Amino acid sequence: MSILASRLDRIQPSPTIAVTQKARDLKAAGRDVIGLGAGEPDFDTPDNIKAAAIAAIKAGDTKYTAVDGTPALKQAICAKFKRENGLDYKPEQVTVASGGKQVIFNAMMATLELGDEVIIPAPYWVSYPDIVLLAEGKPVFVPCSQNNQFKMRPEDLAAAIGPKTKWIILNSPSNPTGAAYSRAELKALTDVLVQHPHVWVLTDDMYEHLVYDDFAFTTPAQIEPRLYERTLTMNGVSKAYCMTGWRIGYAAGPVPLIKAIAKVQSQSTTNPSSISQAAAVEALNGPQDFIPVHNAAFKARRDLVVDLLNKAQGLHCHRPEGAFYVYPSCAGTIGKKTPQGKLIASDDDFVTYLLEAEGVAAVQGSAFGLSPFFRISYATSTEALTDACRRIQRACAALS
């Protein structure tokens with residue numbers, strides 16, 4: 001009898017983490033590798049946020065906190081939702097966890113029964129389906145084609161909803177595509193959801209502040225007040241505040257759901273780091289002026305990468321509205337052969353070829369549920385991105 005639980009057979013290790021680790025290993029072995037797999041800003045955490053953490057340490061704020069967040073952080077989160085999203089939440093409607101991923105995990109564990117369905121637009125962040133599967137739910141994928149800018153159409157959402165549907169997970173701007181729903185596009189989806197009162201909404205707004213070209217961010221409960229009582233609005237400090245390693249995610253929703261999420265967390269990690277929570281208070285309450293500065297750099301990198309990739313033979317890259325990813329099609333390389341005679345039969349083959357031939361680490365589209373594409377993170381230096389895209393152009397030109 002195996003010591004391992006059969007539930008592990010339902011899931012895979014995170015492909016994005018695997019690619020990033022492979023790039024690290026190759027670099028450690030002396031290979032010249034440019035890693036474009038990590039969804040992590042290359043900017044450092046702002047100094048005022050670091051100072052708040054140091055002050056918390058010096059003040060002795062190093063003990064257990066309430067399971068799902070300190071009063072100060074919950075107040076800061078409520079203020080953020082009011083200020084930026086026009087949403088009114090009380091502290092008892094807020095939960096804080098060790099990253100956004102834990103919020104999603106807690107929510108699925110607290111709500112899914114065997115066979116409950118969760119609608120997930122594809123391409124999707126790699127962890128959504130596996131978290132649903134671990135909680136004994138059933139992912140229902142809705143393909144969102146490049147022709148529709150990788151966004152779900154209301155008619156496709158309506159067709160996916162059934163009697164067993166419990167949740168839909170929305171992510172805008174999106175990981176892996178950077179696609180973001182306009183107010184009108186989101187309203188069309190919420191119009192469908194209003195007609196199905198048994199369906200709850202989990203909106204992953206982690207990339208809220210990373211939008212370009214005057215795009216205006218909106219979130220479902222803000223668009224449609226009738227969804228407020230069945231929406232879990234999730235966010236965090238990882239991306240906009242360059243705090244990936246601090247591990248703070250948060251969400252707001254109906255009190256019964258928030259209490260259930262806290263119950264799950266009380267038997268897993270208990271509270272997030274007290275120091276990280278103190279830093280997150282400063283992040284949310286403190287100066288926000290660095291965000292547009294970072295965004296200007298990200299926009300310039302996006303435009304650089306899109307332009308260079310669209311000059312590579314066999315690739316086509318859509319220009320996204322937000323986040324720091326592009327999701328180019330490699331359909332034009334499928335069926336070609338490498339200089340060594342290997343057939344490129346899939347996006348998995350293509351990213352393997354890029355890594356082996358040119359030392360560029362990207363993530364295959366199959367990991368995100370839509371092929372033949374691959375994901376590139378442009379959250380790295382302009383010099384590294386330019387070099388990587390030139391290498392990709394060279395690799396594509398070498399195919400025959």
# chains A, B, ... in the order shown; residues from 1 in each chain; ligands from 1
call {"tool": "residues_around", "arguments": {"residues": "Leu227 of chain A", "least_positions_apart": "5", "cutoff": "8 Å", "atoms": "only C-alpha atoms", "output": "PyMOL selection string"}}
result
chain A and resi 190+193-194+201+220-221
call {"tool": "write_last_selection", "arguments": {"atoms": "C-alpha atoms", "output": "PDB file, in the first residue's frame"}}
result
ATOM      1  CA  THR A 190     -22.419  39.797 -15.062  1.00  0.00           C
ATOM      2  CA  LEU A 193     -24.531  35.579 -13.933  1.00  0.00           C
ATOM      3  CA  VAL A 194     -27.459  37.530 -12.501  1.00  0.00           C
ATOM      4  CA  VAL A 201     -18.062  34.514  -8.492  1.00  0.00           C
ATOM      5  CA  PRO A 220     -17.688  42.265 -10.932  1.00  0.00           C
ATOM      6  CA  ALA A 221     -19.233  43.345  -7.601  1.00  0.00           C
TER       7      ALA A 221
END
call {"tool": "residues_around", "arguments": {"residues": "Leu87 of chain A", "least_positions_apart": "3", "cutoff": "9 Å", "atoms": "only C-alpha atoms", "output": "list in words"}}
result
Cys78, Lys80, Phe81, Lys82, Arg83, Glu84, Ala221, Gln222 and Tyr228 of chain A
call {"tool": "write_last_selection", "arguments": {"atoms": "N, CA, C and O atoms", "output": "PDB file, in the first residue's frame"}}
result
ATOM      1  N   CYS A  78     -10.304  47.297   3.729  1.00  0.00           N
ATOM      2  CA  CYS A  78     -11.627  47.916   3.558  1.00  0.00           C
ATOM      3  C   CYS A  78     -11.491  49.299   2.922  1.00  0.00           C
ATOM      4  O   CYS A  78     -12.268  49.658   2.019  1.00  0.00           O
ATOM      5  N   LYS A  80      -9.050  50.339   1.027  1.00  0.00           N
ATOM      6  CA  LYS A  80      -8.632  50.151  -0.370  1.00  0.00           C
ATOM      7  C   LYS A  80      -9.828  49.842  -1.263  1.00  0.00           C
ATOM      8  O   LYS A  80      -9.987  50.421  -2.347  1.00  0.00           O
ATOM      9  N   PHE A  81     -10.685  48.914  -0.832  1.00  0.00           N
ATOM     10  CA  PHE A  81     -11.848  48.551  -1.644  1.00  0.00           C
ATOM     11  C   PHE A  81     -12.779  49.749  -1.845  1.00  0.00           C
ATOM     12  O   PHE A  81     -13.331  49.936  -2.933  1.00  0.00           O
ATOM     13  N   LYS A  82     -12.956  50.565  -0.815  1.00  0.00           N
ATOM     14  CA  LYS A  82     -13.808  51.748  -0.929  1.00  0.00           C
ATOM     15  C   LYS A  82     -13.168  52.778  -1.860  1.00  0.00           C
ATOM     16  O   LYS A  82     -13.822  53.324  -2.762  1.00  0.00           O
ATOM     17  N   ARG A  83     -11.903  53.050  -1.652  1.00  0.00           N
ATOM     18  CA  ARG A  83     -11.187  54.095  -2.381  1.00  0.00           C
ATOM     19  C   ARG A  83     -11.032  53.763  -3.863  1.00  0.00           C
ATOM     20  O   ARG A  83     -11.246  54.618  -4.732  1.00  0.00           O
ATOM     21  N   GLU A  84     -10.666  52.532  -4.140  1.00  0.00           N
ATOM     22  CA  GLU A  84     -10.294  52.176  -5.517  1.00  0.00           C
ATOM     23  C   GLU A  84     -11.391  51.468  -6.294  1.00  0.00           C
ATOM     24  O   GLU A  84     -11.379  51.491  -7.533  1.00  0.00           O
ATOM     25  N   ALA A 221     -18.308  42.827  -8.619  1.00  0.00           N
ATOM     26  CA  ALA A 221     -19.233  43.345  -7.601  1.00  0.00           C
ATOM     27  C   ALA A 221     -19.432  44.847  -7.730  1.00  0.00           C
ATOM     28  O   ALA A 221     -20.449  45.389  -7.293  1.00  0.00           O
ATOM     29  N   GLN A 222     -18.464  45.509  -8.325  1.00  0.00           N
ATOM     30  CA  GLN A 222     -18.560  46.942  -8.589  1.00  0.00           C
ATOM     31  C   GLN A 222     -19.495  47.204  -9.776  1.00  0.00           C
ATOM     32  O   GLN A 222     -20.301  48.140  -9.749  1.00  0.00           O
ATOM     33  N   TYR A 228     -23.031  41.208  -5.379  1.00  0.00           N
ATOM     34  CA  TYR A 228     -22.208  41.503  -4.201  1.00  0.00           C
ATOM     35  C   TYR A 228     -22.257  40.372  -3.176  1.00  0.00           C
ATOM     36  O   TYR A 228     -21.224  39.978  -2.627  1.00  0.00           O
TER      37      TYR A 228
END
call {"tool": "closest_atom_pairs", "arguments": {"of": "segment 99-200 of chain A", "to": "segment 262-267 of chain A", "cutoff": "9 Å", "atoms": "only C-alpha atoms", "output": "Markdown table"}}
result
| residue | atom | partner | partner_atom | distance |
| --- | --- | --- | --- | --- |
| A:Gln102 | CA | A:Gln265 | CA | 8.5 |
| A:Val103 | CA | A:Gln265 | CA | 8.9 |
| A:Asn106 | CA | A:Val264 | CA | 6.0 |
| A:Ala107 | CA | A:Val264 | CA | 8.5 |
| A:Met109 | CA | A:Val264 | CA | 7.4 |
| A:Ala110 | CA | A:Val264 | CA | 6.6 |
call {"tool": "write_last_selection", "arguments": {"atoms": "N, CA, C and O atoms", "output": "CSV table (one decimal), in the first residue's frame"}}
result
chain,number,residue,atom,x,y,z
A,102,GLN,N,-3.5,30.9,-1.5
A,102,GLN,CA,-4.2,30.3,-0.3
A,102,GLN,C,-5.6,30.7,-0.1
A,102,GLN,O,-6.5,30.0,0.3
A,103,VAL,N,-5.9,32.0,-0.5
A,103,VAL,CA,-7.3,32.4,-0.5
A,103,VAL,C,-8.2,31.5,-1.3
A,103,VAL,O,-9.3,31.1,-0.9
A,106,ASN,N,-8.4,28.0,0.2
A,106,ASN,CA,-9.4,28.0,1.3
A,106,ASN,C,-10.8,28.1,0.8
A,106,ASN,O,-11.7,27.3,1.3
A,107,ALA,N,-11.1,28.9,-0.2
A,107,ALA,CA,-12.5,29.1,-0.7
A,107,ALA,C,-13.0,27.8,-1.3
A,107,ALA,O,-14.2,27.4,-1.1
A,109,MET,N,-11.9,24.7,-0.8
A,109,MET,CA,-12.0,23.7,0.3
A,109,MET,C,-13.2,23.9,1.1
A,109,MET,O,-13.8,22.9,1.6
A,110,ALA,N,-13.6,25.1,1.4
A,110,ALA,CA,-14.7,25.5,2.2
A,110,ALA,C,-16.1,25.3,1.6
A,110,ALA,O,-17.1,25.2,2.3
call {"tool": "residues_around", "arguments": {"residues": "segment 372-388 of chain A", "least_positions_apart": "4", "cutoff": "8 Å", "atoms": "only C-alpha atoms", "output": "ChimeraX atom specification"}}
result
/A:34,36-42,176-177,298,301-302,304-305,308,324-331,346-347,351,360,362-366,392
call {"tool": "residues_around", "arguments": {"residues": "segment 122-126 of chain A", "least_positions_apart": "3", "cutoff": "7 Å", "atoms": "only C-alpha atoms", "output": "list in words"}}
result
Ser14, Pro129, Phe141, Val142, Pro143, Cys144, Asn175, Pro176, Ala367, Phe368, Gly369 and Leu370 of chain A
call {"tool": "write_last_selection", "arguments": {"atoms": "C-alpha atoms", "output": "short mmCIF file (atom, residue, chain, number, x, y, z; two decimals), in the first residue's frame"}}
result
data_model
loop_
_atom_site.label_atom_id
_atom_site.label_comp_id
_atom_site.auth_asym_id
_atom_site.auth_seq_id
_atom_site.Cartn_x
_atom_site.Cartn_y
_atom_site.Cartn_z
CA SER A 14 3.09 23.96 -10.94
CA PRO A 129 -7.86 23.64 -11.98
CA PHE A 141 -13.08 24.93 -19.16
CA VAL A 142 -14.33 27.61 -21.53
CA PRO A 143 -11.81 28.13 -24.38
CA CYS A 144 -11.20 31.81 -25.13
CA ASN A 175 -2.28 35.44 -16.16
CA PRO A 176 -1.14 34.14 -18.72
CA ALA A 367 0.20 24.42 -19.01
CA PHE A 368 -2.48 27.13 -19.28
CA GLY A 369 -5.04 25.09 -21.19
CA LEU A 370 -4.74 26.63 -24.67
#
call {"tool": "select_by_dssp", "arguments": {"residues": "segment 74-251 of chain A", "states": "helix (DSSP H, G or I)", "output": "ChimeraX atom specification"}}
result
/A:74-85,91-93,100-111,127-134,146-148,154-160,183-194,220-223,225-230,244-246
call {"tool": "residues_around", "arguments": {"residues": "segment 234-243 of chain A", "least_positions_apart": "3", "cutoff": "7 Å", "atoms": "only C-alpha atoms", "output": "PyMOL selection string"}}
result
chain A and resi 40-41+43-45+99-100+203-207+209-210+246+248-252+280+283+291
call {"tool": "write_last_selection", "arguments": {"atoms": "N, CA and C atoms", "output": "CSV table (one decimal), in the first residue's frame"}}
result
chain,number,residue,atom,x,y,z
A,40,GLU,N,6.9,37.6,-11.7
A,40,GLU,CA,7.4,38.3,-10.5
A,40,GLU,C,8.0,39.6,-11.0
A,41,PRO,N,7.6,40.7,-10.5
A,41,PRO,CA,8.2,42.0,-10.8
A,41,PRO,C,9.7,42.0,-10.5
A,43,PHE,N,11.3,44.8,-10.0
A,43,PHE,CA,11.5,46.0,-9.1
A,43,PHE,C,11.5,45.5,-7.6
A,44,ASP,N,12.3,46.2,-6.8
A,44,ASP,CA,12.4,45.9,-5.4
A,44,ASP,C,11.2,46.4,-4.7
A,45,THR,N,10.9,45.8,-3.5
A,45,THR,CA,9.8,46.4,-2.6
A,45,THR,C,10.2,47.8,-2.2
A,99,GLY,N,-0.8,34.7,0.8
A,99,GLY,CA,-0.8,34.8,-0.7
A,99,GLY,C,-2.2,34.5,-1.2
A,100,GLY,N,-2.4,35.1,-2.4
A,100,GLY,CA,-3.7,34.9,-3.1
A,100,GLY,C,-4.1,33.4,-3.3
A,203,THR,N,-13.4,36.4,-8.2
A,203,THR,CA,-12.6,37.3,-9.1
A,203,THR,C,-11.2,37.5,-8.6
A,204,ASP,N,-10.3,37.1,-9.4
A,204,ASP,CA,-8.8,37.3,-9.0
A,204,ASP,C,-8.3,38.6,-9.7
A,205,ASP,N,-8.2,39.6,-8.8
A,205,ASP,CA,-7.9,40.9,-9.3
A,205,ASP,C,-6.4,41.3,-9.0
A,206,MET,N,-5.6,40.3,-8.9
A,206,MET,CA,-4.2,40.4,-8.5
A,206,MET,C,-3.4,41.4,-9.3
A,207,TYR,N,-3.8,41.6,-10.6
A,207,TYR,CA,-3.1,42.5,-11.5
A,207,TYR,C,-3.8,43.8,-11.8
A,209,HIS,N,-3.7,46.8,-10.8
A,209,HIS,CA,-3.0,48.1,-11.0
A,209,HIS,C,-2.1,48.0,-12.2
A,210,LEU,N,-1.9,46.9,-12.8
A,210,LEU,CA,-1.0,46.7,-13.9
A,210,LEU,C,-1.8,46.8,-15.2
A,246,TRP,N,6.7,38.3,0.3
A,246,TRP,CA,6.1,38.6,1.6
A,246,TRP,C,4.9,37.7,1.8
A,248,ILE,N,1.3,37.8,1.0
A,248,ILE,CA,0.0,38.4,1.6
A,248,ILE,C,-1.0,38.5,0.4
A,249,GLY,N,-2.1,37.7,0.6
A,249,GLY,CA,-3.2,37.9,-0.3
A,249,GLY,C,-4.4,38.1,0.6
A,250,TYR,N,-5.5,38.7,0.0
A,250,TYR,CA,-6.6,39.0,0.8
A,250,TYR,C,-7.9,38.9,-0.1
A,251,ALA,N,-9.0,38.9,0.5
A,251,ALA,CA,-10.3,38.9,-0.2
A,251,ALA,C,-11.4,39.4,0.7
A,252,ALA,N,-12.5,39.8,0.1
A,252,ALA,CA,-13.7,40.3,0.8
A,252,ALA,C,-14.9,39.6,0.2
A,280,ALA,N,2.2,45.1,4.6
A,280,ALA,CA,1.0,45.2,3.7
A,280,ALA,C,0.1,46.4,4.1
A,283,ALA,N,1.8,49.3,2.5
A,283,ALA,CA,1.6,49.2,1.1
A,283,ALA,C,0.3,49.8,0.7
A,291,ILE,N,3.6,53.2,-8.5
A,291,ILE,CA,2.9,52.3,-9.4
A,291,ILE,C,2.9,52.8,-10.9
call {"tool": "select_by_dssp", "arguments": {"residues": "segment 124-317 of chain A", "states": "strand (DSSP E)", "output": "list in words"}}
result
Lys138, Pro139, Val140, Phe141, Val142, Pro143, Thr165, Lys166, Trp167, Ile168, Ile169, Leu170, Asn171, Trp200, Val201, Leu202, Thr203, Asp204, Thr231, Leu232, Thr233, Met234, Asn235, Gly236, Gly249, Tyr250, Ala251 and Ala252 of chain A
call {"tool": "atom_distance", "arguments": {"atom1": "atom CA of Ala97 of chain A", "atom2": "atom CA of Thr231 of chain A"}}
result
17.5 Å
call {"tool": "residues_around", "arguments": {"residues": "Asp61 of chain A", "least_positions_apart": "4", "cutoff": "8 Å", "atoms": "only C-alpha atoms", "output": "PyMOL selection string"}}
result
chain A and resi 56-57+274-275
call {"tool": "residues_around", "arguments": {"residues": "Leu73 of chain A", "least_positions_apart": "4", "cutoff": "7 Å", "atoms": "only C-alpha atoms", "output": "PyMOL selection string"}}
result
chain A and resi 69+77+277+281
call {"tool": "closest_residue", "arguments": {"among": "A:Pro254, A:Ala29, A:Leu112, A:Ser127", "to": "Thr16 of chain A", "atoms": "only C-alpha atoms"}}
result
A:Ser127
call {"tool": "atom_distance", "arguments": {"atom1": "atom CA of Trp200 of chain A", "atom2": "atom CA of Thr244 of chain A"}}
result
27.6 Å
call {"tool": "closest_residue", "arguments": {"among": "A:Ile120, A:Ile261, A:Leu343, A:Leu315", "to": "Leu157 of chain A", "atoms": "only C-alpha atoms"}}
result
A:Ile120
call {"tool": "atom_distance", "arguments": {"atom1": "atom CA of Met152 of chain A", "atom2": "atom CA of Val132 of chain A"}}
result
19.7 Å
